[in-house]
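Here's model_7.tsv, which has TSV, C-alpha atoms (C1' of nucleotides):
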```
chain	number	residue	atom	x	y	z
A	1	MET	CA	0.00	0.00	0.00
A	2	LYS	CA	1.09	3.55	-0.72
A	3	LEU	CA	2.60	5.43	2.21
A	4	GLN	CA	0.47	8.40	3.24
A	5	LYS	CA	1.40	11.89	4.33
A	6	SER	CA	1.37	10.93	8.01
A	7	PHE	CA	4.32	8.57	7.38
A	8	TYR	CA	6.53	11.47	6.31
A	9	ILE	CA	5.47	14.01	8.92
A	10	ARG	CA	7.45	12.35	11.69
A	11	ASP	CA	10.91	12.34	13.18
A	12	THR	CA	13.44	12.27	10.32
A	13	LEU	CA	15.68	9.62	11.90
A	14	LEU	CA	12.66	7.35	12.29
A	15	VAL	CA	11.48	7.91	8.73
A	16	ALA	CA	15.00	7.28	7.39
A	17	GLN	CA	15.03	3.87	9.08
A	18	GLU	CA	11.46	2.92	8.22
A	19	LEU	CA	12.02	3.72	4.54
A	20	LEU	CA	14.44	0.77	4.40
A	21	GLY	CA	12.80	-2.16	2.65
A	22	LYS	CA	10.03	0.02	1.20
A	23	VAL	CA	9.49	0.27	-2.56
A	24	LEU	CA	10.07	3.53	-4.40
A	25	VAL	CA	7.76	3.74	-7.42
A	26	TYR	CA	8.59	6.16	-10.25
A	27	HIS	CA	6.55	5.78	-13.43
A	28	ASP	CA	7.34	2.25	-14.71
A	29	PHE	CA	10.12	1.64	-12.19
A	30	LYS	CA	10.03	-0.05	-8.80
A	31	VAL	CA	13.12	-0.21	-6.60
A	32	ARG	CA	13.57	-1.37	-3.03
A	33	ILE	CA	15.25	1.15	-0.74
A	34	ARG	CA	18.36	-0.34	0.86
A	35	GLU	CA	20.29	2.64	2.22
A	36	THR	CA	19.30	6.10	3.46
A	37	GLU	CA	20.80	9.13	5.18
A	38	ALA	CA	18.98	11.65	7.37
A	39	TYR	CA	19.55	15.41	7.12
A	40	ILE	CA	18.07	17.72	9.76
A	41	GLY	CA	18.60	21.39	8.92
A	42	ALA	CA	18.14	22.73	12.43
A	43	ILE	CA	21.16	20.97	13.93
A	44	ASP	CA	23.05	19.50	10.99
A	45	LYS	CA	25.97	21.31	9.36
A	46	ALA	CA	25.92	18.76	6.54
A	47	ALA	CA	22.40	19.75	5.48
A	48	HIS	CA	21.92	22.18	2.59
A	49	CYS	CA	19.44	24.11	4.71
A	50	TYR	CA	21.53	24.24	7.89
A	51	GLY	CA	20.69	27.32	9.93
A	52	ASN	CA	17.31	27.67	8.19
A	53	LYS	CA	19.13	28.77	5.06
A	54	MET	CA	16.27	29.19	2.65
A	55	THR	CA	17.52	29.58	-0.92
A	56	LYS	CA	16.14	28.83	-4.35
A	57	ARG	CA	17.71	25.39	-4.11
A	58	THR	CA	16.65	24.48	-0.58
A	59	SER	CA	13.11	25.87	-0.55
A	60	VAL	CA	11.53	22.46	-1.15
A	61	MET	CA	13.21	21.09	1.97
A	62	PHE	CA	11.18	23.47	4.11
A	63	ARG	CA	7.90	22.06	2.93
A	64	GLU	CA	5.76	19.71	4.93
A	65	GLY	CA	6.97	16.10	4.66
A	66	GLY	CA	6.01	14.15	1.56
A	67	SER	CA	7.71	15.96	-1.32
A	68	ALA	CA	10.74	14.98	-3.39
A	69	TYR	CA	13.83	17.21	-3.12
A	70	ILE	CA	16.06	16.70	-6.15
A	71	TYR	CA	19.32	18.60	-6.52
A	72	MET	CA	22.29	18.52	-8.86
A	73	ILE	CA	25.69	17.78	-7.36
A	74	TYR	CA	29.17	18.23	-8.87
A	75	GLY	CA	27.61	19.62	-12.02
A	76	MET	CA	26.70	16.18	-13.32
A	77	HIS	CA	24.65	14.03	-10.95
A	78	TYR	CA	21.20	14.30	-9.45
A	79	CYS	CA	20.34	13.09	-5.94
A	80	MET	CA	16.89	12.39	-4.56
A	81	ASN	CA	15.63	13.12	-1.08
A	82	ILE	CA	12.29	12.67	0.62
A	83	VAL	CA	11.27	15.72	2.63
A	84	THR	CA	10.24	14.87	6.20
A	85	GLY	CA	8.71	16.54	9.24
A	86	ASN	CA	6.56	19.64	9.57
A	87	ALA	CA	6.55	22.65	7.29
A	88	GLY	CA	9.48	24.96	8.01
A	89	GLU	CA	11.57	22.21	9.57
A	90	GLY	CA	14.01	21.73	6.71
A	91	SER	CA	14.75	18.04	6.97
A	92	GLY	CA	14.79	15.07	4.65
A	93	VAL	CA	16.14	11.65	3.77
A	94	LEU	CA	18.65	11.01	0.99
A	95	ILE	CA	18.06	7.76	-0.91
A	96	ARG	CA	21.51	6.24	-1.44
A	97	ASN	CA	21.21	2.62	-2.52
A	98	VAL	CA	18.33	0.74	-4.10
A	99	GLU	CA	17.64	-2.66	-5.58
A	100	PRO	CA	15.72	-2.64	-8.90
A	101	LEU	CA	12.66	-4.91	-8.90
A	102	VAL	CA	11.18	-4.45	-12.38
A	103	ASN	CA	11.95	-2.95	-15.79
A	104	LEU	CA	15.64	-3.92	-15.69
A	105	ASP	CA	16.05	-3.54	-19.45
A	106	GLU	CA	15.21	0.15	-19.39
A	107	ILE	CA	17.38	0.72	-16.32
A	108	PHE	CA	20.47	-0.68	-18.08
A	109	VAL	CA	19.85	1.58	-21.07
A	110	ASN	CA	19.35	4.65	-18.88
A	111	ARG	CA	22.40	3.90	-16.76
A	112	TYR	CA	24.94	2.58	-19.29
A	113	GLY	CA	23.32	3.00	-22.69
A	114	ILE	CA	23.60	-0.74	-23.30
A	115	SER	CA	21.25	-3.68	-23.30
A	116	ARG	CA	21.02	-5.76	-20.18
A	117	GLU	CA	22.33	-8.86	-21.95
A	118	ILE	CA	25.81	-7.49	-22.60
A	119	ALA	CA	26.35	-5.90	-19.17
A	120	ASN	CA	29.36	-7.24	-17.30
A	121	LYS	CA	29.50	-8.31	-13.68
A	122	TYR	CA	30.98	-5.00	-12.54
A	123	GLN	CA	28.21	-3.05	-14.23
A	124	ILE	CA	25.53	-5.23	-12.69
A	125	LYS	CA	27.04	-4.92	-9.22
A	126	ASN	CA	27.23	-1.12	-9.44
A	127	LEU	CA	23.92	-0.55	-11.20
A	128	THR	CA	22.04	1.46	-8.56
A	129	ASN	CA	24.26	1.50	-5.44
A	130	GLY	CA	24.58	5.26	-5.10
A	131	PRO	CA	22.36	8.36	-5.02
A	132	GLY	CA	23.52	9.62	-8.42
A	133	LYS	CA	23.24	6.15	-9.92
A	134	LEU	CA	19.65	5.86	-8.74
A	135	CYS	CA	18.61	9.07	-10.47
A	136	LYS	CA	20.48	8.20	-13.67
A	137	SER	CA	18.93	4.73	-13.76
A	138	LEU	CA	15.37	5.95	-13.31
A	139	ASN	CA	15.83	9.19	-15.27
A	140	ILE	CA	15.03	11.31	-12.24
A	141	THR	CA	16.13	14.91	-12.87
A	142	LYS	CA	15.50	18.43	-11.69
A	143	LYS	CA	12.11	18.28	-13.40
A	144	ASP	CA	10.99	16.11	-10.48
A	145	ASN	CA	12.10	18.55	-7.78
A	146	GLY	CA	9.20	19.42	-5.49
A	147	HIS	CA	6.98	16.66	-6.82
A	148	SER	CA	4.54	15.16	-4.31
A	149	LEU	CA	5.14	11.62	-3.11
A	150	LEU	CA	1.39	11.08	-2.86
A	151	SER	CA	1.01	11.41	-6.62
A	152	GLU	CA	0.31	8.89	-9.36
A	153	ASN	CA	3.80	8.52	-10.82
A	154	LEU	CA	5.97	9.01	-7.74
A	155	TYR	CA	5.40	7.45	-4.35
A	156	VAL	CA	6.69	4.90	-1.85
A	157	GLU	CA	4.78	1.75	-1.03
A	158	ASP	CA	4.94	-0.93	1.64
A	159	ASP	CA	4.75	-4.37	0.03
A	160	GLY	CA	5.14	-6.23	3.31
A	161	TYR	CA	8.89	-6.80	3.03
A	162	LYS	CA	10.56	-6.94	6.44
A	163	VAL	CA	14.08	-5.73	7.18
A	164	ASP	CA	15.66	-7.82	9.91
A	165	TYR	CA	18.59	-5.71	11.12
A	166	ILE	CA	19.34	-2.04	10.42
A	167	HIS	CA	23.01	-1.10	10.31
A	168	LYS	CA	23.97	2.44	11.34
A	169	GLY	CA	27.05	4.49	10.45
A	170	LYS	CA	28.47	7.91	9.63
A	171	ARG	CA	27.21	9.62	6.51
A	172	ILE	CA	29.26	9.66	3.31
A	173	ASN	CA	31.25	12.61	1.88
A	174	ILE	CA	30.38	15.23	4.48
A	175	ASP	CA	33.83	15.62	6.09
A	176	TYR	CA	33.40	19.40	6.05
A	177	ALA	CA	30.44	19.24	8.45
A	178	GLU	CA	32.50	19.37	11.68
A	179	GLU	CA	30.70	17.64	14.57
A	180	ALA	CA	27.83	16.59	12.30
A	181	ALA	CA	30.28	14.46	10.32
A	182	ASP	CA	30.23	12.02	13.26
A	183	PHE	CA	26.44	11.71	13.50
A	184	GLU	CA	25.49	8.12	12.72
A	185	TRP	CA	22.58	9.03	10.49
A	186	ARG	CA	23.26	6.58	7.68
A	187	PHE	CA	21.09	3.50	7.70
A	188	PHE	CA	21.28	0.35	5.58
A	189	TYR	CA	20.70	-3.36	5.67
B	1	DG	C1'	29.55	39.87	-12.93
B	2	DC	C1'	33.01	36.71	-10.72
B	3	DT	C1'	34.64	32.93	-7.90
B	4	DG	C1'	34.67	28.55	-5.55
B	5	DC	C1'	32.80	24.40	-4.45
B	6	DG	C1'	29.82	20.22	-3.65
B	7	DA	C1'	24.82	14.85	0.33
B	8	DT	C1'	29.18	11.70	-6.69
B	9	DT	C1'	31.11	8.66	-9.93
B	10	DA	C1'	34.50	6.43	-12.79
B	11	DT	C1'	38.94	5.57	-13.51
B	12	DC	C1'	44.07	5.75	-12.34
C	1	DA	C1'	43.95	9.70	-5.35
C	2	DT	C1'	41.86	12.65	-8.77
C	3	DA	C1'	39.40	14.63	-12.88
C	4	DA	C1'	34.97	15.72	-14.71
C	5	DT	C1'	31.58	19.73	-14.81
C	6	DC	C1'	27.94	23.45	-13.65
C	7	DG	C1'	24.18	25.61	-10.83
C	8	DC	C1'	24.09	28.62	-7.42
C	9	DA	C1'	25.38	30.96	-3.15
C	10	DG	C1'	28.15	34.64	-1.51
C	11	DC	C1'	30.24	38.76	-2.25
C	12	DG	C1'	30.04	43.55	-2.78
```
Could the structure of this file be written out as structure tokens, please?
Amino acid sequence: MKLQKSFYIRDTLLVAQELLGKVLVYHDFKVRIRETEAYIGAIDKAAHCYGNKMTKRTSVMFREGGSAYIYMIYGMHYCMNIVTGNAGEGSGVLIRNVEPLVNLDEIFVNRYGISREIANKYQIKNLTNGPGKLCKSLNITKKDNGHSLLSENLYVEDDGYKVDYIHKGKRINIDYAEEAADFEWRFFY
DNA sequence: GCTGCGATTATC
DNA sequence: ATAATCGCAGCG
């Protein structure tokens, strides 16, 4: 069943963990969420909206939970977040690693420009195990920024899959974030 | 207007 | 370990 607004308007660390094992649906794609990171603007120097920094880029993060925040990083990759909490809070969950469930043929073309049959082992292993790889694989771009997760073509559903143990660790590539760099807000299984 | 850099990835 | 590559924030 599709997750409703009330799922997202909760504590960001809780949402980040409960998103594990859920299925992200985007048009004809379905992928299982395997790794997430929480970002909480109020106390998190790694967050784009740290210190309530409202800019053109971060405005979506200040919405009520349940929207997609898509941003471009390093001039060449898109990353997808799910906005969490109450309006004005400025928090969200980065989707880092997913496992494709359907439509593999189209994913290989989007990601590598090749048919699935000729993909090598390395390409298969690294298909969608990163935030930029996820967006490339599913063709998620800036056009999707601000889109509602309660809509027809973009949402998260619970298909009954159970995650047994959630691993926790420090978030990736935020060494500049001082004390926040040590927060164990990365979750995976 | 100009400058510097990043919640990444692929390759060396 | 490092290049690729560009939107945008910060400055003034």
For chain B, work out the contacting residues on chain A at 8 Å, counting only C-alpha atoms (C1' of nucleotides), and write them as a CSV table (one decimal) with C-alpha atoms, keeping the file's coordinate frame.
```csv
chain,number,residue,atom,x,y,z
A,46,ALA,CA,25.9,18.8,6.5
A,47,ALA,CA,22.4,19.8,5.5
A,73,ILE,CA,25.7,17.8,-7.4
A,74,TYR,CA,29.2,18.2,-8.9
A,77,HIS,CA,24.6,14.0,-11.0
A,79,CYS,CA,20.3,13.1,-5.9
A,94,LEU,CA,18.6,11.0,1.0
A,131,PRO,CA,22.4,8.4,-5.0
A,132,GLY,CA,23.5,9.6,-8.4
A,172,ILE,CA,29.3,9.7,3.3
A,173,ASN,CA,31.2,12.6,1.9
A,174,ILE,CA,30.4,15.2,4.5
```
May I have the residues of chain C within 9 Å of chain A, counting all atoms listed in the file, written as a PDB file with C-alpha atoms (C1' of nucleotides), in the coordinates of the input?
```pdb
ATOM      1  C1'  DA C   4      34.970  15.720 -14.710  1.00  0.00           C
ATOM      2  C1'  DT C   5      31.580  19.730 -14.810  1.00  0.00           C
ATOM      3  C1'  DC C   6      27.940  23.450 -13.650  1.00  0.00           C
ATOM      4  C1'  DG C   7      24.180  25.610 -10.830  1.00  0.00           C
ATOM      5  C1'  DC C   8      24.090  28.620  -7.420  1.00  0.00           C
ATOM      6  C1'  DA C   9      25.380  30.960  -3.150  1.00  0.00           C
TER       7       DA C   9
END
```
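When atom CA of Tyr50 of chain A is paired with atom CA of Val25 of chain A, their separation reads 29.1 Å.
The space between atom CA of Asn126 of chain A and atom CA of Lys22 of chain A spans 20.3 Å.
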Any chance you could work out the axis-aligned box around segment 149-157 of chain A, listed atoms only, 8 Å on each side, giving centre and edge lengths in Å to one decimal, as JSON?
```
{"center_x": 3.5, "center_y": 6.7, "center_z": -5.9, "size_x": 22.4, "size_y": 25.9, "size_z": 25.8}
```
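We find atom CA of Arg32 of chain A and atom CA of Asn129 of chain A to be spaced 11.3 Å apart.
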N, CA and C atoms restored at segment 39-61 of chain A, emitted as a CSV table (one decimal), in the frame of the given file:
```csv
chain,number,residue,atom,x,y,z
A,39,TYR,N,19.0,14.0,7.1
A,39,TYR,CA,19.6,15.4,7.1
A,39,TYR,C,18.5,16.3,7.8
A,40,ILE,N,19.0,16.9,8.9
A,40,ILE,CA,18.1,17.7,9.8
A,40,ILE,C,18.6,19.1,9.9
A,41,GLY,N,18.0,20.0,9.1
A,41,GLY,CA,18.6,21.4,8.9
A,41,GLY,C,18.9,22.1,10.2
A,42,ALA,N,18.0,21.9,11.2
A,42,ALA,CA,18.1,22.7,12.4
A,42,ALA,C,19.5,22.5,13.2
A,43,ILE,N,20.0,21.3,13.1
A,43,ILE,CA,21.2,21.0,13.9
A,43,ILE,C,22.3,20.3,13.1
A,44,ASP,N,22.2,20.4,11.8
A,44,ASP,CA,23.0,19.5,11.0
A,44,ASP,C,23.9,20.3,10.0
A,45,LYS,N,25.1,20.5,10.3
A,45,LYS,CA,26.0,21.3,9.4
A,45,LYS,C,26.2,20.7,8.0
A,46,ALA,N,25.8,19.4,7.8
A,46,ALA,CA,25.9,18.8,6.5
A,46,ALA,C,24.7,19.0,5.7
A,47,ALA,N,23.6,19.5,6.2
A,47,ALA,CA,22.4,19.8,5.5
A,47,ALA,C,22.5,21.0,4.7
A,48,HIS,N,21.9,21.0,3.5
A,48,HIS,CA,21.9,22.2,2.6
A,48,HIS,C,21.2,23.3,3.3
A,49,CYS,N,20.3,23.0,4.1
A,49,CYS,CA,19.4,24.1,4.7
A,49,CYS,C,19.8,24.3,6.2
A,50,TYR,N,21.1,24.0,6.5
A,50,TYR,CA,21.5,24.2,7.9
A,50,TYR,C,21.4,25.7,8.3
A,51,GLY,N,20.9,25.9,9.5
A,51,GLY,CA,20.7,27.3,9.9
A,51,GLY,C,19.5,28.0,9.3
A,52,ASN,N,18.5,27.2,8.9
A,52,ASN,CA,17.3,27.7,8.2
A,52,ASN,C,17.7,28.5,7.0
A,53,LYS,N,18.7,28.0,6.3
A,53,LYS,CA,19.1,28.8,5.1
A,53,LYS,C,18.2,28.5,3.9
A,54,MET,N,17.2,29.3,3.7
A,54,MET,CA,16.3,29.2,2.6
A,54,MET,C,16.8,29.8,1.4
A,55,THR,N,17.1,29.0,0.4
A,55,THR,CA,17.5,29.6,-0.9
A,55,THR,C,16.6,29.0,-2.0
A,56,LYS,N,16.9,29.4,-3.2
A,56,LYS,CA,16.1,28.8,-4.4
A,56,LYS,C,16.3,27.3,-4.4
A,57,ARG,N,17.5,26.8,-4.1
A,57,ARG,CA,17.7,25.4,-4.1
A,57,ARG,C,17.0,24.7,-3.0
A,58,THR,N,17.1,25.2,-1.8
A,58,THR,CA,16.6,24.5,-0.6
A,58,THR,C,15.2,24.7,-0.2
A,59,SER,N,14.5,25.5,-1.0
A,59,SER,CA,13.1,25.9,-0.6
A,59,SER,C,12.2,24.6,-0.4
A,60,VAL,N,12.4,23.7,-1.2
A,60,VAL,CA,11.5,22.5,-1.2
A,60,VAL,C,11.7,21.7,0.2
A,61,MET,N,12.9,21.8,0.7
A,61,MET,CA,13.2,21.1,2.0
A,61,MET,C,12.4,21.6,3.1
```
